[in-house]
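Raw contents of run28.pdb, PDB, C-alpha atoms:
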```
ATOM      1  CA  MET C  10       0.925  -6.545 -17.397  1.00  0.00           C
ATOM      2  CA  HIS C  11       0.980  -4.517 -14.170  1.00  0.00           C
ATOM      3  CA  ALA C  12      -1.822  -5.117 -11.671  1.00  0.00           C
ATOM      4  CA  PHE C  13      -3.167  -1.590 -12.101  1.00  0.00           C
ATOM      5  CA  ASP C  14      -3.312  -2.064 -15.863  1.00  0.00           C
ATOM      6  CA  VAL C  15      -5.458  -5.141 -15.272  1.00  0.00           C
ATOM      7  CA  LEU C  16      -7.628  -3.410 -12.678  1.00  0.00           C
ATOM      8  CA  GLY C  17      -7.841  -0.197 -14.697  1.00  0.00           C
ATOM      9  CA  ASP C  18     -10.507  -1.653 -16.963  1.00  0.00           C
ATOM     10  CA  PRO C  19     -14.064  -1.287 -15.584  1.00  0.00           C
ATOM     11  CA  VAL C  20     -15.208  -4.552 -17.162  1.00  0.00           C
ATOM     12  CA  ARG C  21     -12.412  -6.522 -15.500  1.00  0.00           C
ATOM     13  CA  ARG C  22     -13.102  -4.823 -12.180  1.00  0.00           C
ATOM     14  CA  ARG C  23     -16.780  -5.783 -12.501  1.00  0.00           C
ATOM     15  CA  ILE C  24     -15.859  -9.384 -13.328  1.00  0.00           C
ATOM     16  CA  LEU C  25     -13.708  -9.519 -10.189  1.00  0.00           C
ATOM     17  CA  GLU C  26     -16.616  -8.118  -8.162  1.00  0.00           C
ATOM     18  CA  LEU C  27     -18.830 -10.886  -9.494  1.00  0.00           C
ATOM     19  CA  LEU C  28     -16.234 -13.553  -8.755  1.00  0.00           C
ATOM     20  CA  ALA C  29     -15.651 -12.184  -5.255  1.00  0.00           C
ATOM     21  CA  ASP C  30     -19.069 -13.595  -4.339  1.00  0.00           C
ATOM     22  CA  GLY C  31     -17.991 -17.087  -5.382  1.00  0.00           C
ATOM     23  CA  GLU C  32     -17.267 -19.324  -8.329  1.00  0.00           C
ATOM     24  CA  LEU C  33     -19.200 -18.589 -11.531  1.00  0.00           C
ATOM     25  CA  SER C  34     -19.300 -20.220 -14.922  1.00  0.00           C
ATOM     26  CA  SER C  35     -18.034 -18.249 -17.876  1.00  0.00           C
ATOM     27  CA  GLY C  36     -21.633 -18.221 -19.154  1.00  0.00           C
ATOM     28  CA  GLU C  37     -22.891 -16.636 -15.927  1.00  0.00           C
ATOM     29  CA  VAL C  38     -20.173 -13.995 -16.045  1.00  0.00           C
ATOM     30  CA  THR C  39     -20.846 -13.345 -19.718  1.00  0.00           C
ATOM     31  CA  ALA C  40     -24.593 -12.903 -19.171  1.00  0.00           C
ATOM     32  CA  VAL C  41     -24.071 -10.233 -16.508  1.00  0.00           C
ATOM     33  CA  ILE C  42     -21.324  -8.406 -18.387  1.00  0.00           C
ATOM     34  CA  GLN C  43     -23.250  -8.428 -21.653  1.00  0.00           C
ATOM     35  CA  ARG C  44     -26.310  -7.026 -19.874  1.00  0.00           C
ATOM     36  CA  GLU C  45     -24.376  -4.344 -17.994  1.00  0.00           C
ATOM     37  CA  HIS C  46     -21.730  -3.386 -20.551  1.00  0.00           C
ATOM     38  CA  GLY C  47     -23.224  -4.466 -23.866  1.00  0.00           C
ATOM     39  CA  ILE C  48     -20.127  -6.287 -25.085  1.00  0.00           C
ATOM     40  CA  SER C  49     -19.905  -9.550 -27.000  1.00  0.00           C
ATOM     41  CA  GLN C  50     -19.158 -13.003 -25.609  1.00  0.00           C
ATOM     42  CA  PRO C  51     -15.699 -13.063 -27.276  1.00  0.00           C
ATOM     43  CA  ALA C  52     -14.890  -9.710 -25.626  1.00  0.00           C
ATOM     44  CA  VAL C  53     -15.913 -11.070 -22.198  1.00  0.00           C
ATOM     45  CA  SER C  54     -13.751 -14.136 -22.866  1.00  0.00           C
ATOM     46  CA  GLN C  55     -10.789 -11.858 -23.578  1.00  0.00           C
ATOM     47  CA  HIS C  56     -11.297 -10.056 -20.265  1.00  0.00           C
ATOM     48  CA  LEU C  57     -11.482 -13.406 -18.456  1.00  0.00           C
ATOM     49  CA  LYS C  58      -8.263 -14.437 -20.216  1.00  0.00           C
ATOM     50  CA  VAL C  59      -6.482 -11.263 -19.085  1.00  0.00           C
ATOM     51  CA  LEU C  60      -7.604 -11.902 -15.497  1.00  0.00           C
ATOM     52  CA  ARG C  61      -6.506 -15.538 -15.703  1.00  0.00           C
ATOM     53  CA  ASP C  62      -3.176 -14.819 -17.426  1.00  0.00           C
ATOM     54  CA  ASN C  63      -2.313 -12.183 -14.829  1.00  0.00           C
ATOM     55  CA  GLY C  64      -3.229 -14.354 -11.863  1.00  0.00           C
ATOM     56  CA  PHE C  65      -6.379 -12.535 -10.727  1.00  0.00           C
ATOM     57  CA  ALA C  66      -8.645 -15.485 -11.496  1.00  0.00           C
ATOM     58  CA  THR C  67      -8.311 -19.223 -11.774  1.00  0.00           C
ATOM     59  CA  VAL C  68     -10.367 -21.492 -13.984  1.00  0.00           C
ATOM     60  CA  ARG C  69     -11.646 -24.992 -13.442  1.00  0.00           C
ATOM     61  CA  ALA C  70     -12.953 -27.123 -16.295  1.00  0.00           C
ATOM     62  CA  GLU C  71     -15.980 -29.324 -15.823  1.00  0.00           C
ATOM     63  CA  GLY C  72     -16.813 -30.989 -19.108  1.00  0.00           C
ATOM     64  CA  THR C  73     -17.287 -28.192 -21.612  1.00  0.00           C
ATOM     65  CA  ARG C  74     -17.977 -25.588 -18.942  1.00  0.00           C
ATOM     66  CA  ARG C  75     -15.382 -23.301 -17.381  1.00  0.00           C
ATOM     67  CA  PHE C  76     -15.745 -22.034 -13.819  1.00  0.00           C
ATOM     68  CA  TYR C  77     -13.874 -18.955 -12.601  1.00  0.00           C
ATOM     69  CA  VAL C  78     -12.941 -17.826  -9.112  1.00  0.00           C
ATOM     70  CA  VAL C  79     -10.853 -14.944  -7.749  1.00  0.00           C
ATOM     71  CA  ASP C  80      -7.247 -15.666  -6.873  1.00  0.00           C
ATOM     72  CA  PRO C  81      -6.520 -13.275  -3.988  1.00  0.00           C
ATOM     73  CA  GLU C  82      -2.722 -13.242  -4.277  1.00  0.00           C
ATOM     74  CA  PRO C  83      -2.396 -10.366  -6.793  1.00  0.00           C
ATOM     75  CA  LEU C  84      -4.929  -8.398  -4.752  1.00  0.00           C
ATOM     76  CA  ARG C  85      -2.736  -8.859  -1.671  1.00  0.00           C
ATOM     77  CA  GLU C  86       0.155  -7.404  -3.643  1.00  0.00           C
ATOM     78  CA  VAL C  87      -1.999  -4.401  -4.624  1.00  0.00           C
ATOM     79  CA  ASP C  88      -3.031  -4.010  -0.986  1.00  0.00           C
ATOM     80  CA  GLN C  89       0.614  -4.053   0.117  1.00  0.00           C
ATOM     81  CA  TRP C  90       1.485  -1.405  -2.466  1.00  0.00           C
ATOM     82  CA  LEU C  91      -1.407   0.779  -1.260  1.00  0.00           C
ATOM     83  CA  GLU C  92      -0.255   0.481   2.362  1.00  0.00           C
ATOM     84  CA  ARG C  93       2.143   3.431   2.040  1.00  0.00           C
ATOM     85  CA  PHE C  94      -0.775   5.671   1.007  1.00  0.00           C
ATOM     86  CA  ARG C  95      -3.223   4.673   3.753  1.00  0.00           C
ATOM     87  CA  GLY C  96      -1.874   7.397   6.016  1.00  0.00           C
ATOM     88  CA  PHE C  97      -3.370  10.004   3.705  1.00  0.00           C
ATOM     89  CA  TRP C  98      -6.924   8.816   4.178  1.00  0.00           C
ATOM     90  CA  ASP C  99      -6.447   7.532   7.754  1.00  0.00           C
ATOM     91  CA  GLN C 100      -5.645  11.097   8.869  1.00  0.00           C
ATOM     92  CA  ARG C 101      -8.794  12.391   7.201  1.00  0.00           C
ATOM     93  CA  LEU C 102     -10.903   9.632   8.730  1.00  0.00           C
ATOM     94  CA  ASP C 103      -9.430  10.391  12.156  1.00  0.00           C
ATOM     95  CA  ALA C 104     -10.297  14.078  11.692  1.00  0.00           C
ATOM     96  CA  LEU C 105     -13.827  13.132  10.660  1.00  0.00           C
ATOM     97  CA  ALA C 106     -14.214  10.958  13.769  1.00  0.00           C
ATOM     98  CA  VAL C 107     -13.149  13.912  15.946  1.00  0.00           C
ATOM     99  CA  GLU C 108     -15.711  16.186  14.287  1.00  0.00           C
ATOM    100  CA  ILE C 109     -18.477  13.608  14.696  1.00  0.00           C
ATOM    101  CA  ALA C 110     -17.633  13.189  18.383  1.00  0.00           C
ATOM    102  CA  ARG C 111     -17.585  16.981  18.837  1.00  0.00           C
ATOM    103  CA  GLY C 112     -21.005  17.269  17.212  1.00  0.00           C
ATOM    104  CA  LYS C 113     -22.427  14.547  19.473  1.00  0.00           C
ATOM    105  CA  ARG C 114     -21.060  16.285  22.589  1.00  0.00           C
ATOM    106  CA  GLU C 115     -22.559  19.595  21.498  1.00  0.00           C
ATOM    107  CA  ARG C 116     -25.959  17.977  20.862  1.00  0.00           C
ATOM    108  CA  ARG C 117     -25.903  16.288  24.256  1.00  0.00           C
ATOM    109  CA  ALA C 118     -24.996  19.564  25.920  1.00  0.00           C
ATOM    110  CA  ARG C 119     -27.884  21.339  24.145  1.00  0.00           C
ATOM    111  CA  ASP C 120     -30.305  18.536  25.034  1.00  0.00           C
ATOM    112  CA  THR C 121     -29.384  18.578  28.736  1.00  0.00           C
ATOM    113  CA  ASN C 122     -29.165  22.390  29.018  1.00  0.00           C
ATOM    114  CA  PRO C 123     -31.747  23.851  26.628  1.00  0.00           C
ATOM    115  CA  THR C 124     -31.552  27.602  26.270  1.00  0.00           C
ATOM    116  CA  GLU C 125     -34.509  29.849  25.669  1.00  0.00           C
ATOM    117  CA  SER C 126     -34.611  31.665  22.368  1.00  0.00           C
TER     118      SER C 126
END
```
Rewrite the structure of this file - the entire thing - as structure tokens.
Amino acid sequence: MHAFDVLGDPVRRRILELLADGELSSGEVTAVIQREHGISQPAVSQHLKVLRDNGFATVRAEGTRRFYVVDPEPLREVDQWLERFRGFWDQRLDALAVEIARGKRERRARDTNPTES
């Protein structure tokens, strides 16, 4: 499965967000996902399996409990793929920074040289 197929599902993206804050048990993940998305425990388990099988999460067994954590490697690959597109938004952010600076200069000029209306 391609990384964007894995990340295309909002439930899997939310699970990764949860795991980005640190290791969680499958029960902790399930509780949040059930509350937010209203899906069953087996459905959450399937999403965890997809993340695990595609390398986005790793699991550690402790007795009968399973603990999940993000594996950053596939996310690095996504980041590398996105690199070629960063120029599109970098240009817009640069233009925004110029406009903000222009607005600040104009405000300073008005504040130091107030004109009568």
Exercise. Do a neighbour search on Glu86 of chain C at 9 Å with all atoms listed in the file, toss out local chain neighbours closer than 5 positions, and write the hits as a PyMOL selection string.
Key: chain C and resi 12+81+91
Self-check item: Radius query 9 Å about (-14.3, -12.1, -17.8), atoms used: all atoms listed in the file, as a PyMOL selection string
Solution: chain C and resi 20-21+23-25+35+38-39+42+52-61+77
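With distances taken over all atoms listed in the file, C:Asn63 is the one residue among C:Phe94, C:Lys113, C:Arg119, C:Asn63 lying closest to Phe13 of chain C.
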Quiz prompt | Non-local contacts of Phe76 of chain C (10 Å; only C-alpha atoms; under 3 positions in same chain excluded) as a PyMOL selection string | solution = chain C and resi 28+32-38+66-71
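Counting from atom CA of Arg74 of chain C, the distance to atom CA of Gly17 of chain C is 27.7 Å.
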Quiz item: Do you know which residues the PyMOL selection byres ((chain C and resi 87) around 12) returns on this file, as a VMD selection string?
Solution: chain C and resid 11 to 16 65 81 to 86 88 to 94
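The space between atom CA of Val79 of chain C and atom CA of Val41 of chain C spans 16.5 Å.
From atom CA of Pro19 of chain C back to atom CA of His46 of chain C, the distance works out to 9.4 Å.
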Please, what is the axis-aligned box for every listed atom of segment 85-100 of chain C with 4 Å on each side, as centre and edge lengths in Å to one decimal, as lines of an AutoDock Vina configuration file?
```
center_x = -2.4
center_y = 1.1
center_z = 2.1
size_x = 17.1
size_y = 28.0
size_z = 21.5
```
Could I see segment 50-85 of chain C restored to N, CA and C atoms, set down as a compact mmCIF listing (two decimals), in the coordinates of the input?
```txt
# COMPACT_ATOMS: atom_id res chain seq x y z
N GLN C 50 -19.71 -11.86 -26.34
CA GLN C 50 -19.16 -13.00 -25.61
C GLN C 50 -17.65 -13.13 -25.83
N PRO C 51 -17.16 -12.98 -27.09
CA PRO C 51 -15.70 -13.06 -27.28
C PRO C 51 -14.94 -11.97 -26.50
N ALA C 52 -15.54 -10.79 -26.38
CA ALA C 52 -14.89 -9.71 -25.63
C ALA C 52 -14.83 -10.06 -24.14
N VAL C 53 -15.91 -10.63 -23.60
CA VAL C 53 -15.91 -11.07 -22.20
C VAL C 53 -14.85 -12.15 -22.01
N SER C 54 -14.77 -13.07 -22.95
CA SER C 54 -13.75 -14.14 -22.87
C SER C 54 -12.35 -13.55 -22.83
N GLN C 55 -12.11 -12.50 -23.59
CA GLN C 55 -10.79 -11.86 -23.58
C GLN C 55 -10.49 -11.25 -22.21
N HIS C 56 -11.49 -10.62 -21.60
CA HIS C 56 -11.30 -10.06 -20.26
C HIS C 56 -11.01 -11.16 -19.25
N LEU C 57 -11.73 -12.27 -19.34
CA LEU C 57 -11.48 -13.41 -18.46
C LEU C 57 -10.06 -13.94 -18.66
N LYS C 58 -9.62 -13.97 -19.90
CA LYS C 58 -8.26 -14.44 -20.22
C LYS C 58 -7.22 -13.52 -19.60
N VAL C 59 -7.42 -12.21 -19.69
CA VAL C 59 -6.48 -11.26 -19.08
C VAL C 59 -6.42 -11.48 -17.57
N LEU C 60 -7.58 -11.65 -16.94
CA LEU C 60 -7.60 -11.90 -15.50
C LEU C 60 -6.88 -13.20 -15.15
N ARG C 61 -7.14 -14.23 -15.93
CA ARG C 61 -6.51 -15.54 -15.70
C ARG C 61 -4.99 -15.46 -15.95
N ASP C 62 -4.60 -14.89 -17.07
CA ASP C 62 -3.18 -14.82 -17.43
C ASP C 62 -2.36 -13.99 -16.44
N ASN C 63 -3.01 -13.05 -15.77
CA ASN C 63 -2.31 -12.18 -14.83
C ASN C 63 -2.53 -12.59 -13.38
N GLY C 64 -3.12 -13.77 -13.18
CA GLY C 64 -3.23 -14.35 -11.86
C GLY C 64 -4.37 -13.87 -10.99
N PHE C 65 -5.27 -13.05 -11.53
CA PHE C 65 -6.38 -12.54 -10.73
C PHE C 65 -7.55 -13.51 -10.63
N ALA C 66 -7.57 -14.48 -11.52
CA ALA C 66 -8.64 -15.48 -11.50
C ALA C 66 -8.05 -16.83 -11.88
N THR C 67 -8.68 -17.87 -11.37
CA THR C 67 -8.31 -19.22 -11.77
C THR C 67 -9.54 -19.85 -12.42
N VAL C 68 -9.28 -20.84 -13.26
CA VAL C 68 -10.37 -21.49 -13.98
C VAL C 68 -10.32 -22.98 -13.71
N ARG C 69 -11.50 -23.55 -13.64
CA ARG C 69 -11.65 -24.99 -13.44
C ARG C 69 -12.59 -25.50 -14.53
N ALA C 70 -12.14 -26.54 -15.23
CA ALA C 70 -12.95 -27.12 -16.30
C ALA C 70 -13.82 -28.23 -15.72
N GLU C 71 -15.05 -28.24 -16.17
CA GLU C 71 -15.98 -29.32 -15.82
C GLU C 71 -16.73 -29.66 -17.11
N GLY C 72 -16.26 -30.69 -17.79
CA GLY C 72 -16.81 -30.99 -19.11
C GLY C 72 -16.49 -29.85 -20.06
N THR C 73 -17.50 -29.31 -20.69
CA THR C 73 -17.29 -28.19 -21.61
C THR C 73 -17.43 -26.84 -20.93
N ARG C 74 -17.79 -26.85 -19.67
CA ARG C 74 -17.98 -25.59 -18.94
C ARG C 74 -16.69 -25.18 -18.23
N ARG C 75 -16.53 -23.87 -18.08
CA ARG C 75 -15.38 -23.30 -17.38
C ARG C 75 -15.91 -22.49 -16.21
N PHE C 76 -15.34 -22.73 -15.03
CA PHE C 76 -15.74 -22.03 -13.82
C PHE C 76 -14.58 -21.18 -13.33
N TYR C 77 -14.89 -19.92 -13.02
CA TYR C 77 -13.87 -18.95 -12.60
C TYR C 77 -14.07 -18.57 -11.14
N VAL C 78 -12.94 -18.29 -10.49
CA VAL C 78 -12.94 -17.83 -9.11
C VAL C 78 -11.78 -16.85 -8.95
N VAL C 79 -11.92 -15.91 -8.01
CA VAL C 79 -10.85 -14.94 -7.75
C VAL C 79 -9.66 -15.65 -7.12
N ASP C 80 -8.48 -15.27 -7.55
CA ASP C 80 -7.25 -15.67 -6.87
C ASP C 80 -6.79 -14.43 -6.09
N PRO C 81 -6.78 -14.48 -4.77
CA PRO C 81 -6.52 -13.28 -3.99
C PRO C 81 -5.07 -12.80 -3.97
N GLU C 82 -4.14 -13.61 -4.41
CA GLU C 82 -2.72 -13.24 -4.28
C GLU C 82 -2.37 -11.91 -4.94
N PRO C 83 -2.73 -11.67 -6.20
CA PRO C 83 -2.40 -10.37 -6.79
C PRO C 83 -3.08 -9.21 -6.07
N LEU C 84 -4.24 -9.45 -5.50
CA LEU C 84 -4.93 -8.40 -4.75
C LEU C 84 -4.19 -8.09 -3.46
N ARG C 85 -3.57 -9.10 -2.86
CA ARG C 85 -2.74 -8.86 -1.67
C ARG C 85 -1.55 -7.97 -2.03
```
